[in-house]
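Engineer: Contents of start26.cif (mmCIF, C-alpha atoms) are given next:
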```cif
data_start
#
loop_
_atom_site.label_atom_id
_atom_site.label_comp_id
_atom_site.auth_asym_id
_atom_site.auth_seq_id
_atom_site.Cartn_x
_atom_site.Cartn_y
_atom_site.Cartn_z
CA MET A 142 3.03 -23.94 50.52
CA LYS A 143 -0.27 -23.13 48.79
CA ALA A 144 0.74 -19.48 48.54
CA LEU A 145 4.05 -20.46 46.94
CA ILE A 146 2.27 -22.66 44.41
CA VAL A 147 -0.08 -19.79 43.51
CA ILE A 148 2.88 -17.42 43.05
CA ILE A 149 4.70 -19.92 40.82
CA TRP A 150 1.54 -20.46 38.76
CA ILE A 151 1.00 -16.72 38.33
CA GLY A 152 4.62 -16.22 37.36
CA ALA A 153 4.59 -19.02 34.80
CA ARG A 154 1.44 -17.69 33.18
CA GLU A 155 2.62 -14.09 33.02
CA LEU A 156 6.20 -14.68 31.94
CA GLY A 157 5.40 -17.26 29.28
CA GLU A 158 7.99 -19.48 27.63
CA VAL A 159 10.73 -16.92 26.92
CA PRO A 160 11.26 -14.95 30.16
CA SER A 161 15.01 -14.44 29.61
CA MET A 162 14.50 -12.96 26.14
CA ARG A 163 11.71 -10.77 27.44
CA PHE A 164 13.80 -9.58 30.38
CA ILE A 165 16.69 -8.62 28.09
CA SER A 166 14.26 -6.76 25.82
CA ILE A 167 12.84 -4.80 28.77
CA LEU A 168 16.32 -4.08 30.11
CA GLN A 169 17.41 -2.68 26.76
CA PHE A 170 14.14 -0.77 26.36
CA LEU A 171 14.41 1.01 29.73
CA THR A 172 18.19 1.52 29.76
CA ARG A 173 21.23 1.93 27.55
CA ILE A 174 22.56 -1.40 28.80
CA SER A 175 23.04 -3.73 25.82
CA ILE A 176 23.25 -7.47 26.46
CA LYS A 177 22.69 -8.66 22.91
CA LYS A 178 22.22 -6.36 19.98
CA ASP A 179 20.01 -8.80 18.07
CA ILE A 180 17.89 -11.06 20.27
CA GLY A 181 14.92 -11.15 17.95
CA TYR A 182 11.36 -10.30 18.89
CA ALA A 183 10.11 -11.52 22.24
CA PRO A 184 6.49 -12.76 21.87
CA HIS A 185 3.96 -11.06 24.15
CA MET A 186 6.42 -8.28 24.96
CA GLU A 187 3.83 -6.64 27.22
CA ARG A 188 4.27 -9.45 29.73
CA GLY A 189 7.78 -8.19 30.33
CA ILE A 190 6.32 -5.29 32.30
CA VAL A 191 6.67 -7.46 35.42
CA TYR A 192 10.44 -7.00 35.04
CA PHE A 193 10.30 -3.21 35.41
CA PRO A 194 11.20 -3.32 39.15
CA VAL A 195 14.01 -5.82 38.47
CA VAL A 196 15.51 -3.43 35.94
CA GLY A 197 15.10 -0.72 38.56
CA ALA A 198 17.11 -2.87 40.99
CA ILE A 199 19.95 -3.14 38.46
CA ILE A 200 19.94 0.63 37.97
CA GLY A 201 19.86 1.17 41.73
CA LEU A 202 22.85 -1.10 42.34
CA ILE A 203 24.83 0.70 39.63
CA LEU A 204 23.98 4.06 41.23
CA PHE A 205 25.08 2.85 44.66
CA VAL A 206 28.35 1.46 43.28
CA GLY A 207 28.81 4.77 41.47
CA PHE A 208 28.28 6.62 44.73
CA ARG A 209 30.93 4.52 46.47
CA VAL A 210 33.37 5.12 43.63
CA PHE A 211 32.69 8.88 43.48
CA ASN A 212 32.94 9.10 47.27
CA TRP A 213 36.33 7.39 47.12
CA ILE A 214 37.63 9.58 44.27
CA PHE A 215 36.52 12.80 45.98
CA SER A 216 37.21 11.64 49.52
CA GLY A 217 39.18 14.79 50.27
CA ILE A 218 36.34 17.05 49.12
CA ASP A 219 33.43 17.51 51.50
CA ASN A 220 30.76 18.31 48.92
CA ILE A 221 27.58 16.23 49.04
CA TYR A 222 26.05 18.19 46.18
CA LEU A 223 28.91 17.21 43.87
CA LEU A 224 28.30 13.54 44.70
CA ALA A 225 24.53 13.91 44.20
CA THR A 226 25.05 15.63 40.84
CA LEU A 227 27.40 12.90 39.63
CA ILE A 228 24.89 10.21 40.69
CA LEU A 229 22.13 11.99 38.78
CA ILE A 230 24.34 12.24 35.69
CA LEU A 231 25.12 8.52 36.00
CA GLU A 232 21.39 7.75 36.12
CA LEU A 233 20.78 9.86 33.02
CA ILE A 234 23.57 8.02 31.21
CA ILE A 235 22.11 4.63 32.16
CA THR A 236 18.56 5.51 31.08
CA GLY A 237 19.49 7.76 28.18
CA GLY A 238 17.22 10.45 29.62
CA LEU A 239 14.21 8.49 28.33
CA HIS A 240 11.99 9.21 31.33
CA VAL A 241 13.09 12.84 31.69
CA ASP A 242 12.05 13.43 28.09
CA GLY A 243 8.58 12.06 28.84
CA PHE A 244 8.44 14.15 32.00
CA GLY A 245 9.14 17.38 30.09
CA ASP A 246 6.72 16.52 27.27
CA THR A 247 3.95 15.77 29.77
CA PHE A 248 4.31 19.14 31.48
CA ASP A 249 4.47 20.93 28.13
CA GLY A 250 1.21 19.31 27.05
CA PHE A 251 -0.81 19.22 30.27
CA PHE A 252 -0.06 22.81 31.24
CA SER A 253 -0.80 24.22 27.83
CA TYR A 254 -4.52 23.99 28.74
CA ARG A 255 -5.48 23.21 25.16
CA SER A 256 -7.84 20.65 23.66
CA LYS A 257 -7.02 16.94 23.82
CA ASP A 258 -5.78 16.79 20.23
CA ARG A 259 -3.64 19.88 20.68
CA ILE A 260 -2.14 18.56 23.94
CA LEU A 261 -1.21 15.29 22.24
CA GLU A 262 0.31 17.24 19.36
CA ILE A 263 2.40 19.31 21.79
CA MET A 264 3.56 16.17 23.58
CA ARG A 265 4.69 14.70 20.24
CA ASP A 266 6.70 17.84 19.43
CA PRO A 267 10.43 17.08 19.95
CA ARG A 268 11.06 20.70 20.89
CA LEU A 269 11.07 21.54 24.59
CA GLY A 270 8.69 24.26 25.73
CA THR A 271 8.84 26.63 28.69
CA ASN A 272 6.67 24.45 30.92
CA GLY A 273 8.75 21.39 30.19
CA LEU A 274 12.01 23.27 30.79
CA LEU A 275 10.84 24.65 34.13
CA ALA A 276 9.58 21.20 35.17
CA ILE A 277 12.88 19.49 34.30
CA VAL A 278 14.93 22.15 36.09
CA SER A 279 12.72 21.74 39.17
CA LEU A 280 13.06 17.96 38.96
CA VAL A 281 16.86 18.12 38.74
CA VAL A 282 17.11 20.53 41.68
CA LEU A 283 14.79 18.43 43.85
CA LYS A 284 16.64 15.22 43.03
CA ILE A 285 20.07 16.68 43.72
CA VAL A 286 19.01 18.26 47.02
CA ALA A 287 17.16 15.11 48.17
CA MET A 288 20.03 12.79 47.24
CA ALA A 289 22.58 15.12 48.82
CA THR A 290 20.54 15.14 52.04
CA LEU A 291 20.45 11.33 52.07
CA ILE A 292 24.21 11.26 51.62
CA TYR A 293 24.67 13.80 54.42
CA TYR A 294 22.70 11.62 56.84
CA ASN A 295 24.56 8.45 55.74
CA MET A 296 21.45 7.03 54.04
CA ALA A 297 22.88 6.68 50.54
CA VAL A 298 21.79 3.03 50.56
CA TYR A 299 18.24 4.20 49.81
CA LEU A 300 19.46 5.34 46.38
CA ILE A 301 19.32 1.66 45.42
CA PHE A 302 15.57 1.50 45.99
CA MET A 303 14.71 4.78 44.24
CA PRO A 304 14.73 3.31 40.68
CA ILE A 305 12.91 0.17 41.85
CA VAL A 306 9.97 2.14 43.22
CA GLY A 307 10.02 4.42 40.17
CA ARG A 308 9.70 1.51 37.71
CA LEU A 309 6.98 -0.07 39.83
CA ALA A 310 5.04 3.18 39.41
CA GLY A 311 5.24 2.60 35.66
CA VAL A 312 3.59 -0.78 36.20
CA PHE A 313 0.86 0.83 38.30
CA LEU A 314 0.17 3.33 35.53
CA THR A 315 -0.52 0.58 32.99
CA TYR A 316 -2.92 -1.32 35.22
CA LYS A 317 -6.41 -1.33 33.66
CA THR A 318 -5.82 1.92 31.78
CA ARG A 319 -6.36 2.90 28.17
CA PRO A 320 -4.06 4.63 25.66
CA ALA A 321 -4.79 8.20 24.62
CA ARG A 322 -3.44 7.60 21.10
CA GLU A 323 -4.28 4.93 18.58
CA ASN A 324 -0.58 4.49 17.87
CA GLY A 325 2.19 5.13 20.33
CA MET A 326 5.26 3.45 21.77
CA GLY A 327 3.63 3.30 25.18
CA ASN A 328 0.66 1.34 23.80
CA MET A 329 2.84 -1.76 24.04
CA PHE A 330 2.22 -1.67 27.81
CA ILE A 331 -0.69 0.68 28.50
CA GLY A 332 -3.74 -1.30 29.60
CA LYS A 333 -1.84 -4.57 29.24
CA CYS A 334 -1.05 -5.00 32.94
CA SER A 335 -3.37 -7.62 34.43
CA THR A 336 -4.04 -8.09 38.12
CA SER A 337 -1.72 -11.09 38.23
CA ALA A 338 1.03 -9.08 36.49
CA LEU A 339 0.56 -6.29 39.02
CA VAL A 340 0.89 -8.76 41.89
CA LEU A 341 3.97 -10.34 40.32
CA ALA A 342 5.67 -6.97 39.71
CA SER A 343 4.99 -6.00 43.33
CA LEU A 344 6.40 -9.35 44.43
CA PHE A 345 9.51 -8.77 42.32
CA THR A 346 9.89 -5.39 44.01
CA ALA A 347 9.78 -6.99 47.46
CA LEU A 348 12.12 -9.83 46.45
CA SER A 349 14.58 -7.39 44.88
CA ALA A 350 14.58 -5.39 48.10
CA ILE A 351 15.18 -8.50 50.20
CA ALA A 352 18.01 -9.68 47.94
CA ILE A 353 19.68 -6.27 48.03
CA GLU A 354 19.28 -6.03 51.80
CA TYR A 355 21.08 -9.33 52.27
CA LEU A 356 23.90 -8.05 50.09
CA ILE A 357 24.34 -4.85 52.07
CA GLY A 358 23.16 -6.02 55.48
CA PHE A 359 19.56 -6.81 56.38
CA ASN A 360 17.54 -4.02 57.98
CA THR A 361 13.87 -4.62 58.80
CA TYR A 362 13.09 -0.91 58.70
CA ILE A 363 14.19 -0.62 55.08
CA PHE A 364 11.71 -3.29 54.02
CA ILE A 365 8.88 -1.72 56.03
CA TYR A 366 9.57 1.72 54.57
CA LEU A 367 9.71 0.24 51.07
CA ILE A 368 6.26 -1.31 51.48
CA GLY A 369 4.95 2.05 52.69
CA SER A 370 6.44 3.77 49.66
CA MET A 371 4.78 1.24 47.34
CA VAL A 372 1.37 2.18 48.77
CA LEU A 373 2.19 5.88 48.43
CA ILE A 374 3.33 5.49 44.82
CA PHE A 375 0.22 3.48 43.94
CA ILE A 376 -1.95 6.35 45.19
CA LEU A 377 0.17 8.85 43.26
CA SER A 378 -0.17 6.78 40.10
CA ARG A 379 -3.95 6.65 40.37
CA LEU A 380 -4.06 10.43 40.85
CA LEU A 381 -1.97 10.94 37.70
CA ILE A 382 -4.21 8.55 35.80
CA SER A 383 -7.25 10.57 36.87
CA LEU A 384 -5.57 13.81 35.76
CA SER A 385 -4.53 12.31 32.43
CA TYR A 386 -8.03 11.02 31.75
CA ARG A 387 -9.39 14.52 32.27
CA ARG A 388 -6.76 16.08 30.03
CA ILE A 389 -6.35 13.59 27.16
CA ASP A 390 -8.80 10.78 27.93
CA GLY A 391 -6.08 8.16 28.37
CA ILE A 392 -2.40 7.42 29.03
CA THR A 393 0.67 7.95 26.85
CA GLY A 394 4.25 6.71 26.89
CA ASP A 395 5.34 10.19 27.96
CA LEU A 396 3.21 9.88 31.08
CA LEU A 397 4.93 6.57 31.88
CA GLY A 398 8.26 8.37 31.92
CA CYS A 399 6.72 11.22 33.89
CA VAL A 400 5.35 8.99 36.66
CA ILE A 401 8.72 7.22 36.99
CA GLU A 402 10.56 10.51 37.52
CA ILE A 403 7.96 11.94 39.90
CA SER A 404 7.85 8.71 41.89
CA GLU A 405 11.62 8.73 42.34
CA VAL A 406 11.52 12.23 43.80
CA VAL A 407 8.51 11.40 45.98
CA PHE A 408 10.31 8.30 47.25
CA LEU A 409 13.39 10.30 48.23
CA ILE A 410 11.29 12.90 50.06
CA TYR A 411 9.24 10.17 51.73
CA ILE A 412 12.39 8.47 53.05
CA LEU A 413 13.73 11.75 54.38
CA ILE A 414 10.44 12.37 56.22
CA VAL A 415 10.05 8.92 57.79
CA MET A 416 13.74 8.72 58.74
CA ARG A 417 14.04 12.18 60.26
#
```
Here is the file; what I need is its structure written in the form of structure tokens.

Structural biologist:
Amino acid sequence: MKALIVIIWIGARELGEVPSMRFISILQFLTRISIKKDIGYAPHMERGIVYFPVVGAIIGLILFVGFRVFNWIFSGIDNIYLLATLILILELIITGGLHVDGFGDTFDGFFSYRSKDRILEIMRDPRLGTNGLLAIVSLVVLKIVAMATLIYYNMAVYLIFMPIVGRLAGVFLTYKTRPARENGMGNMFIGKCSTSALVLASLFTALSAIAIEYLIGFNTYIFIYLIGSMVLIFILSRLLISLSYRRIDGITGDLLGCVIEISEVVFLIYILIVMR
């Protein structure tokens, strides 16, 4: 009972007085899903970062429904790579390619091996460089192969949890960090994640997983593997933070997108390894 009271107190403090407005704002920020076109400005928008995993759960459910629909449409075609490609395209449509763009920009900047100011300038450049192109192609190939392998082994249900873990990684990246730029879209969240917000986001991740498991059939192993992946992604996030500090002395919004994409691929590979 005491633990429940503490959780409720933490949640009330972090979410503030307008959680629904803040959730809608975060949903529309991370996806192309539009609930209300004009909901006004949600005060303390940075507190909405705790909803990142919840938005990931919504994306994951859409991907799983998409898989079932695609699998039904192409039931006479035994091609797991076609299904995986369609799922990836669906994810890109839902997110608008926001995170992939940050992923490519990060690789363009970090692997240019220039000065901090020059790296940040390259990351701002809307044009895609060779490093970014190669990184995105590699990302797409890895995702398609990993998702196709999950489908082959009848583990497509794990596609639901991929976006959840990816968005949680974004929360990890904002925990006690500093922005590399004075002005940037990512500065809304970078360094704004408190310990209580981190705990609440992790709790939302676990609760989302439990809720989804009850919808599709509870499996204790799924929950255990999800907790393991959360630890793995936290370590990955801290490593990326360390790298970013060495390169540009802080974090950018592009890196937030980058860690989400990398974490999704790492999660898929992790599941394939532990379930083999």

Engineer: Assuming the chain letters and numbering stay as they are in my file, what does the PyMOL selection byres ((chain A and resi 202) around 12) actually select? List them as a ChimeraX atom specification.

Structural biologist: /A:195-201,203-209,228,231-232,235,297-305,349-350,352-354,356-357

Engineer: When distances are computed from all atoms listed in the file, which of A:Leu314, A:Ile410, A:Val415, A:Leu291 shows the smallest separation from Cys334 (chain A)?

Structural biologist: A:Leu314

Engineer: What's the separation between CA of Ile412 (chain A) and CA of Gly394 (chain A), in Å to one decimal place?

Structural biologist: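 Interatomic distance here is 27.5 Å.
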
Engineer: Tell me, in Å to one decimal, how far CA of Cys399 (chain A) is from CA of Gly307 (chain A).

Structural biologist: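 Distance between the two atoms: 9.8 Å.
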
Engineer: Show which residues sit within 8 Å of region 387-389 of chain A, as a list in words. Count only C-alpha atoms, and ignore same-chain residues fewer than 3 positions away.

Structural biologist: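 In the requested form, the answer reads Phe251, Ser256, Lys257, Asp258, Ile260, Leu261, Ala321, Ser383, Leu384 and Ile392 of chain A.
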
Engineer: Quick one: of A:Arg265, A:Lys284, A:Arg188, A:Arg417, who's nearest to Asn324 (chain A), counting all atoms listed in the file?

Structural biologist: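 The closest residue to Asn324 (chain A) is A:Arg265.
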
Engineer: Just checking: using only C-alpha atoms, which residue out of A:Gly325, A:Tyr386, A:Met264, A:Arg308 ends up closest to Phe408 (chain A)?

Structural biologist: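 Residue with the minimum atom-to-atom distance to Phe408 (chain A): A:Arg308.
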